[in-house]
Amino acid sequence: MHKTISDKALSWRRVWAVLRKEFVQLKRDRLTLAMLIGIPLIQLILFGYAINGDPKHLPTVIAATDNGPLSRSVIRAIENTGYFDIQAVVSETEAERQISEGLVQFAIVLPSDFSRKLLRGEHPVIAVYGDASDPSTSGGAISALNQLPAQALQTELRGPLAHLRSTQPPFELRVHRRYNPEGITAYNVVPGLMGIILVMTLVMMTAMAMTRERERGTLENLLATPVKPIEVMMGKILPYVVIGYVQVSMIYIASRVLFDVPMFGSYLLLAGAVLVFIIATLVVGFLFSTVARTQLQAMQMAIFFFLPNIMLSGFMFPFRGMPRWAQWLGECLPVTHFLRVVRGVMLKGSTLADVGHELWPMALFILLVGGLAMRRYRQTLD
């Protein structure tokens with residue numbers, strides 16, 4: 001057919017018509033529109049407000065039986081650095097327990113004869129135990145401590161006590177980095193990859209697998225068979241449990257062979273925690289599959305869920321450096337608790353008693369999200 005000159009020329013009217021059609025389609029696809037607006041907004045808020053590479057006010061306990069004015073001045077100087085939030089004065093045993101369970105970041109032990117030795121010029125030693133399983137969290141605080149002996153007690157050591165500060169610092173700080181004394185980043189990152197990779201893959205694959213069945217109309221065929229809905233659901237998600245274990249095994253072998261990450265804890269406890277976490281990720285994917293109408297929407301929702309997981313869990317940025325509201329959001333995510341369990345078992349040799357308080361939030365998440373997913377699943381079938 002012969003085309004006229006007007007047909008060959010660019011028509012802004014036709015472009016406008018196509019443009020309007022695209023906007024109408026986008027407006028009808030509210031889920032995609034929400035993702036397009038929501039993802040940049042979440043990134044802006046998280047990077048702007050929640051991410052802090054130099055965390056301060058880290059939870060700290062003091063083990064001190066010397067309550068003299070000099071020891072109190074040292075404790076006050078430690079607090080004044082801004083890096084330490086002294087929560088309690090406890091015994092050495094209790095301090096050891098709290099740091100091993102990850103309840104505090106630092107434990108500072110002052111000897112009972114601190115004041116007496118200091119007045120005698122014997123340079124007493126203050127021991128500082130830091131949880132270095134996450135080097136990025138404790139690095140700034142340890143650097144601040146290095147300046148403390150030369151600066152603390154400047155007011156107290158005057159007059160007849162001035163000779164105590166004339167040559168060298170009146171006391172010595174010995175920092176013990178627990179669980180990762182060399183501050184190797186791989187010890188923190190590689191075990192954490194178990195949780196991040198499971199979230200990234202299992203949520204997306206589960207959501208897309210169920211949505212694909214519905215999109216192709218084969219889900220109705222399955223439900224027309226004698227197979228019950230719960231059996232369909234279990235048959236769909238159980239393969240991903242096996243895939244999850246395969247992924248974790250690969251990461252674990254790589255962590256041991258390539259990165260020399262130590263394993264001090266129980267394999268059985270680690271395997272049990274992995275199972276709980278895999279179920280938690282699968283119920284999220286299953287819930288998304290009841291909401292998404294297409295595989296593209298399922299993928300978008302998985303990405304939407306993945307962003308806060310990687311930013312608020314403590315995997316990429318120090319968890320204790322985030323503001324309180326961001327920490328509360330992070331506590332709602334199973335991966336936050338799973339990362340603590342994995343790092344605790346591998347680096348600290350934590351037992352079930354040590355990490356039990358991290359497992360029940362994941363179990364509660366499974367009950368809540370799983371119940372909601374099953375409810376929406378039944379409504380979808382209706």
# chains A, B, ... in the order shown; residues from 1 in each chain; ligands from 1
$ residues_around --residues "segment 84-86 of chain A" --least-positions-apart "4" --cutoff "9 Å" --atoms "only C-alpha atoms" --output "PyMOL selection string"
chain A and resi 56-62+75+78-80+105-106+141
$ write_last_selection --atoms "C-alpha atoms" --output "PDB file, in the first residue's frame"
ATOM      1  CA  LYS A  56      27.738   4.551  68.654  1.00  0.00           C
ATOM      2  CA  HIS A  57      25.963   3.870  71.945  1.00  0.00           C
ATOM      3  CA  LEU A  58      26.847   0.197  71.769  1.00  0.00           C
ATOM      4  CA  PRO A  59      25.422  -1.891  74.643  1.00  0.00           C
ATOM      5  CA  THR A  60      28.135  -2.434  77.258  1.00  0.00           C
ATOM      6  CA  VAL A  61      28.295  -3.964  80.714  1.00  0.00           C
ATOM      7  CA  ILE A  62      30.848  -3.188  83.415  1.00  0.00           C
ATOM      8  CA  ILE A  75      33.874   4.545  83.583  1.00  0.00           C
ATOM      9  CA  ILE A  78      34.461   5.529  78.648  1.00  0.00           C
ATOM     10  CA  GLU A  79      30.830   6.650  78.445  1.00  0.00           C
ATOM     11  CA  ASN A  80      31.836  10.117  77.288  1.00  0.00           C
ATOM     12  CA  GLN A 105      28.766  -5.636  72.313  1.00  0.00           C
ATOM     13  CA  PHE A 106      31.391  -4.934  75.005  1.00  0.00           C
ATOM     14  CA  ALA A 141      34.681   1.911  69.508  1.00  0.00           C
TER      15      ALA A 141
END
$ select_by_dssp --residues "segment 138-232 of chain A" --states "strand (DSSP E or B)" --output "PyMOL selection string"
chain A and resi 172-178
$ write_last_selection --atoms "N, CA and C atoms" --output "compact mmCIF listing (two decimals), in the first residue's frame"
# COMPACT_ATOMS: atom_id res chain seq x y z
N GLU A 172 46.43 0.76 81.97
CA GLU A 172 46.56 0.14 80.65
C GLU A 172 45.24 -0.51 80.25
N LEU A 173 44.86 -0.30 79.01
CA LEU A 173 43.65 -0.95 78.47
C LEU A 173 44.09 -2.09 77.56
N ARG A 174 43.58 -3.28 77.85
CA ARG A 174 43.87 -4.43 76.99
C ARG A 174 42.57 -4.88 76.33
N VAL A 175 42.52 -4.72 75.02
CA VAL A 175 41.31 -5.05 74.27
C VAL A 175 41.43 -6.47 73.74
N HIS A 176 40.43 -7.28 74.05
CA HIS A 176 40.37 -8.66 73.57
C HIS A 176 39.22 -8.77 72.58
N ARG A 177 39.55 -8.97 71.33
CA ARG A 177 38.51 -9.14 70.30
C ARG A 177 38.06 -10.59 70.33
N ARG A 178 36.84 -10.81 70.74
CA ARG A 178 36.32 -12.16 70.82
C ARG A 178 35.78 -12.62 69.46
$ closest_residue --among "A:Leu368, A:Val232, A:Leu347, A:Leu41" --to "Ser255 of chain A" --atoms "only C-alpha atoms"
A:Leu347
$ residues_around --residues "Gln297 of chain A" --least-positions-apart "2" --cutoff "10 Å" --atoms "only C-alpha atoms" --output "list in words"
Asp29, Leu31, Thr32, Met35, Ala207, Met208, Thr211, Phe288, Ser289, Val291, Ala292, Arg293, Thr294, Gln295, Met299, Gln300, Met301, Ala302 and Ile303 of chain A
$ write_last_selection --atoms "N, CA, C and O atoms" --output "short mmCIF file (atom, residue, chain, number, x, y, z; two decimals), in the first residue's frame"
data_model
loop_
_atom_site.label_atom_id
_atom_site.label_comp_id
_atom_site.auth_asym_id
_atom_site.auth_seq_id
_atom_site.Cartn_x
_atom_site.Cartn_y
_atom_site.Cartn_z
N ASP A 29 -2.61 -1.49 36.68
CA ASP A 29 -1.73 -2.44 37.38
C ASP A 29 -1.20 -1.75 38.64
O ASP A 29 -0.07 -1.27 38.69
N LEU A 31 -0.34 -2.85 41.56
CA LEU A 31 0.77 -3.46 42.27
C LEU A 31 2.12 -3.02 41.69
O LEU A 31 3.04 -2.63 42.42
N THR A 32 2.21 -3.04 40.35
CA THR A 32 3.45 -2.58 39.71
C THR A 32 3.69 -1.10 39.99
O THR A 32 4.82 -0.67 40.25
N MET A 35 5.10 -0.69 43.37
CA MET A 35 6.51 -1.07 43.41
C MET A 35 7.39 0.04 42.84
O MET A 35 8.45 0.35 43.39
N ALA A 207 7.16 -17.90 45.11
CA ALA A 207 6.10 -17.01 44.65
C ALA A 207 5.83 -17.21 43.16
O ALA A 207 4.67 -17.27 42.72
N MET A 208 6.89 -17.35 42.38
CA MET A 208 6.72 -17.51 40.93
C MET A 208 6.17 -18.89 40.58
O MET A 208 5.39 -19.04 39.63
N THR A 211 2.41 -18.81 41.26
CA THR A 211 1.75 -17.88 40.34
C THR A 211 1.75 -18.43 38.92
O THR A 211 0.79 -18.24 38.17
N PHE A 288 3.08 -14.23 48.88
CA PHE A 288 3.17 -13.40 47.68
C PHE A 288 2.43 -14.05 46.51
O PHE A 288 1.84 -13.35 45.68
N SER A 289 2.50 -15.37 46.43
CA SER A 289 1.84 -16.06 45.31
C SER A 289 0.32 -15.91 45.38
O SER A 289 -0.36 -16.05 44.36
N VAL A 291 -1.11 -13.14 46.29
CA VAL A 291 -1.40 -11.74 45.98
C VAL A 291 -1.11 -11.43 44.52
O VAL A 291 -1.89 -10.76 43.84
N ALA A 292 0.04 -11.92 44.03
CA ALA A 292 0.46 -11.59 42.66
C ALA A 292 -0.43 -12.30 41.64
O ALA A 292 -0.82 -13.46 41.83
N ARG A 293 -0.73 -11.59 40.57
CA ARG A 293 -1.54 -12.18 39.49
C ARG A 293 -0.68 -12.69 38.35
O ARG A 293 -1.11 -13.50 37.55
N THR A 294 0.55 -12.17 38.26
CA THR A 294 1.46 -12.62 37.20
C THR A 294 2.82 -12.91 37.82
O THR A 294 3.12 -12.51 38.95
N GLN A 295 3.65 -13.60 37.05
CA GLN A 295 5.00 -13.91 37.53
C GLN A 295 5.83 -12.64 37.69
O GLN A 295 6.68 -12.56 38.57
N MET A 299 7.81 -11.50 41.04
CA MET A 299 9.22 -11.13 41.08
C MET A 299 9.41 -9.74 41.71
O MET A 299 10.31 -9.52 42.51
N GLN A 300 8.55 -8.80 41.35
CA GLN A 300 8.65 -7.46 41.91
C GLN A 300 8.44 -7.47 43.42
O GLN A 300 9.13 -6.79 44.16
N MET A 301 7.49 -8.27 43.87
CA MET A 301 7.23 -8.34 45.31
C MET A 301 8.42 -8.97 46.04
O MET A 301 8.76 -8.57 47.16
N ALA A 302 9.03 -9.97 45.42
CA ALA A 302 10.20 -10.59 46.04
C ALA A 302 11.35 -9.59 46.16
O ALA A 302 12.03 -9.54 47.19
N ILE A 303 11.56 -8.77 45.14
CA ILE A 303 12.60 -7.74 45.20
C ILE A 303 12.26 -6.71 46.27
O ILE A 303 13.12 -6.26 47.03
#
$ select_by_dssp --residues "segment 173-372 of chain A" --states "helix (DSSP H, G or I)" --output "PyMOL selection string"
chain A and resi 185-216+218-224+229-257+267-291+295-312+319-321+324-331+334-348+352-372
$ atom_distance --atom1 "atom CA of Leu33 of chain A" --atom2 "atom CA of Ala280 of chain A"
27.1 Å
$ residues_around --residues "Gly102 of chain A" --least-positions-apart "5" --cutoff "9 Å" --atoms "only C-alpha atoms" --output "JSON, numbers by chain"
{"A": [97, 131, 340, 344, 354, 355]}
$ residues_around --residues "Tyr245 of chain A" --least-positions-apart "6" --cutoff "12 Å" --atoms "only C-alpha atoms" --output "compact mmCIF listing (two decimals) with N, CA, C and O atoms, in the first residue's frame"
# COMPACT_ATOMS: atom_id res chain seq x y z
N MET A 194 24.48 -17.12 53.79
CA MET A 194 23.50 -18.21 53.83
C MET A 194 22.09 -17.64 53.89
O MET A 194 21.20 -18.04 53.14
N GLY A 195 21.88 -16.71 54.80
CA GLY A 195 20.55 -16.13 54.95
C GLY A 195 20.15 -15.27 53.77
O GLY A 195 19.01 -15.36 53.28
N ILE A 197 21.19 -15.32 50.58
CA ILE A 197 20.94 -16.09 49.35
C ILE A 197 19.63 -16.86 49.46
O ILE A 197 18.86 -16.95 48.49
N LEU A 198 19.34 -17.40 50.63
CA LEU A 198 18.07 -18.12 50.80
C LEU A 198 16.88 -17.18 50.60
O LEU A 198 15.89 -17.54 49.95
N LEU A 202 14.68 -18.29 47.43
CA LEU A 202 13.51 -19.10 47.79
C LEU A 202 12.22 -18.31 47.75
O LEU A 202 11.17 -18.82 47.32
N LEU A 238 7.96 -28.16 49.11
CA LEU A 238 8.97 -29.05 49.70
C LEU A 238 10.24 -29.16 48.84
O LEU A 238 11.35 -29.26 49.40
N PRO A 239 10.14 -29.18 47.50
CA PRO A 239 11.40 -29.21 46.73
C PRO A 239 12.32 -28.04 47.05
O PRO A 239 13.56 -28.19 46.99
N ILE A 251 27.44 -23.06 50.34
CA ILE A 251 28.06 -21.88 50.98
C ILE A 251 28.94 -22.31 52.15
O ILE A 251 30.04 -21.76 52.36
N TYR A 252 28.47 -23.30 52.91
CA TYR A 252 29.25 -23.75 54.06
C TYR A 252 30.59 -24.35 53.61
O TYR A 252 31.65 -24.03 54.17
N LEU A 270 22.86 -26.04 63.66
CA LEU A 270 22.86 -25.22 62.45
C LEU A 270 21.84 -25.73 61.44
O LEU A 270 21.09 -24.93 60.85
N ALA A 271 21.77 -27.05 61.27
CA ALA A 271 20.81 -27.62 60.32
C ALA A 271 19.37 -27.34 60.76
O ALA A 271 18.49 -27.05 59.93
N GLY A 272 19.12 -27.43 62.07
CA GLY A 272 17.77 -27.13 62.57
C GLY A 272 17.39 -25.68 62.34
O GLY A 272 16.26 -25.37 61.93
N ALA A 273 18.33 -24.77 62.61
CA ALA A 273 18.06 -23.34 62.38
C ALA A 273 17.82 -23.06 60.91
O ALA A 273 16.96 -22.23 60.55
N VAL A 274 18.57 -23.75 60.04
CA VAL A 274 18.38 -23.57 58.59
C VAL A 274 16.97 -23.99 58.19
O VAL A 274 16.30 -23.32 57.39
N LEU A 275 16.49 -25.10 58.74
CA LEU A 275 15.14 -25.58 58.40
C LEU A 275 14.08 -24.56 58.82
O LEU A 275 13.17 -24.26 58.04
N VAL A 276 14.21 -24.04 60.03
CA VAL A 276 13.24 -23.04 60.50
C VAL A 276 13.26 -21.81 59.58
O VAL A 276 12.21 -21.29 59.19
N PHE A 277 14.46 -21.38 59.20
CA PHE A 277 14.56 -20.19 58.35
C PHE A 277 14.04 -20.45 56.94
O PHE A 277 13.38 -19.58 56.35
N ILE A 278 14.31 -21.63 56.40
CA ILE A 278 13.79 -21.95 55.06
C ILE A 278 12.26 -21.91 55.06
O ILE A 278 11.64 -21.37 54.14
N ILE A 279 11.65 -22.49 56.09
CA ILE A 279 10.18 -22.46 56.17
C ILE A 279 9.68 -21.02 56.25
O ILE A 279 8.68 -20.65 55.62
$ atom_distance --atom1 "atom CA of Glu182 of chain A" --atom2 "atom CA of Pro149 of chain A"
22.8 Å
$ closest_residue --among "A:Phe23, A:Phe259, A:Val15, A:Ile42" --to "Met311 of chain A" --atoms "only C-alpha atoms"
A:Ile42
$ residues_around --residues "segment 322-333 of chain A" --least-positions-apart "3" --cutoff "6 Å" --atoms "only C-alpha atoms" --output "PyMOL selection string"
chain A and resi 50-51+312-313+319+336
$ decode --residues "segment 283-297 of chain A" --atoms "N, CA, C and O atoms" --output "compact mmCIF listing (two decimals), in the first residue's frame"
# COMPACT_ATOMS: atom_id res chain seq x y z
N VAL A 283 7.07 -19.44 53.43
CA VAL A 283 5.72 -18.93 53.69
C VAL A 283 5.57 -17.51 53.15
O VAL A 283 4.47 -17.11 52.73
N VAL A 284 6.68 -16.75 53.14
CA VAL A 284 6.61 -15.41 52.54
C VAL A 284 6.35 -15.53 51.04
O VAL A 284 5.49 -14.84 50.47
N GLY A 285 7.10 -16.41 50.38
CA GLY A 285 6.89 -16.62 48.94
C GLY A 285 5.48 -17.13 48.65
O GLY A 285 4.85 -16.72 47.67
N PHE A 286 4.99 -18.00 49.52
CA PHE A 286 3.64 -18.53 49.34
C PHE A 286 2.59 -17.43 49.50
O PHE A 286 1.61 -17.36 48.74
N LEU A 287 2.82 -16.54 50.46
CA LEU A 287 1.89 -15.41 50.64
C LEU A 287 1.91 -14.50 49.41
O LEU A 287 0.84 -14.06 48.95
N PHE A 288 3.08 -14.23 48.88
CA PHE A 288 3.17 -13.40 47.68
C PHE A 288 2.43 -14.05 46.51
O PHE A 288 1.84 -13.35 45.68
N SER A 289 2.50 -15.37 46.43
CA SER A 289 1.84 -16.06 45.31
C SER A 289 0.32 -15.91 45.38
O SER A 289 -0.36 -16.05 44.36
N THR A 290 -0.21 -15.67 46.58
CA THR A 290 -1.67 -15.48 46.70
C THR A 290 -2.08 -14.06 46.34
O THR A 290 -3.26 -13.78 46.17
N VAL A 291 -1.11 -13.14 46.29
CA VAL A 291 -1.40 -11.74 45.98
C VAL A 291 -1.11 -11.43 44.52
O VAL A 291 -1.89 -10.76 43.84
N ALA A 292 0.04 -11.92 44.03
CA ALA A 292 0.46 -11.59 42.66
C ALA A 292 -0.43 -12.30 41.64
O ALA A 292 -0.82 -13.46 41.83
N ARG A 293 -0.73 -11.59 40.57
CA ARG A 293 -1.54 -12.18 39.49
C ARG A 293 -0.68 -12.69 38.35
O ARG A 293 -1.11 -13.50 37.55
N THR A 294 0.55 -12.17 38.26
CA THR A 294 1.46 -12.62 37.20
C THR A 294 2.82 -12.91 37.82
O THR A 294 3.12 -12.51 38.95
N GLN A 295 3.65 -13.60 37.05
CA GLN A 295 5.00 -13.91 37.53
C GLN A 295 5.83 -12.64 37.69
O GLN A 295 6.68 -12.56 38.57
N LEU A 296 5.58 -11.66 36.84
CA LEU A 296 6.31 -10.40 36.95
C LEU A 296 6.01 -9.72 38.27
O LEU A 296 6.90 -9.20 38.95
N GLN A 297 4.74 -9.72 38.65
CA GLN A 297 4.37 -9.13 39.94
C GLN A 297 5.00 -9.91 41.09
O GLN A 297 5.44 -9.32 42.08
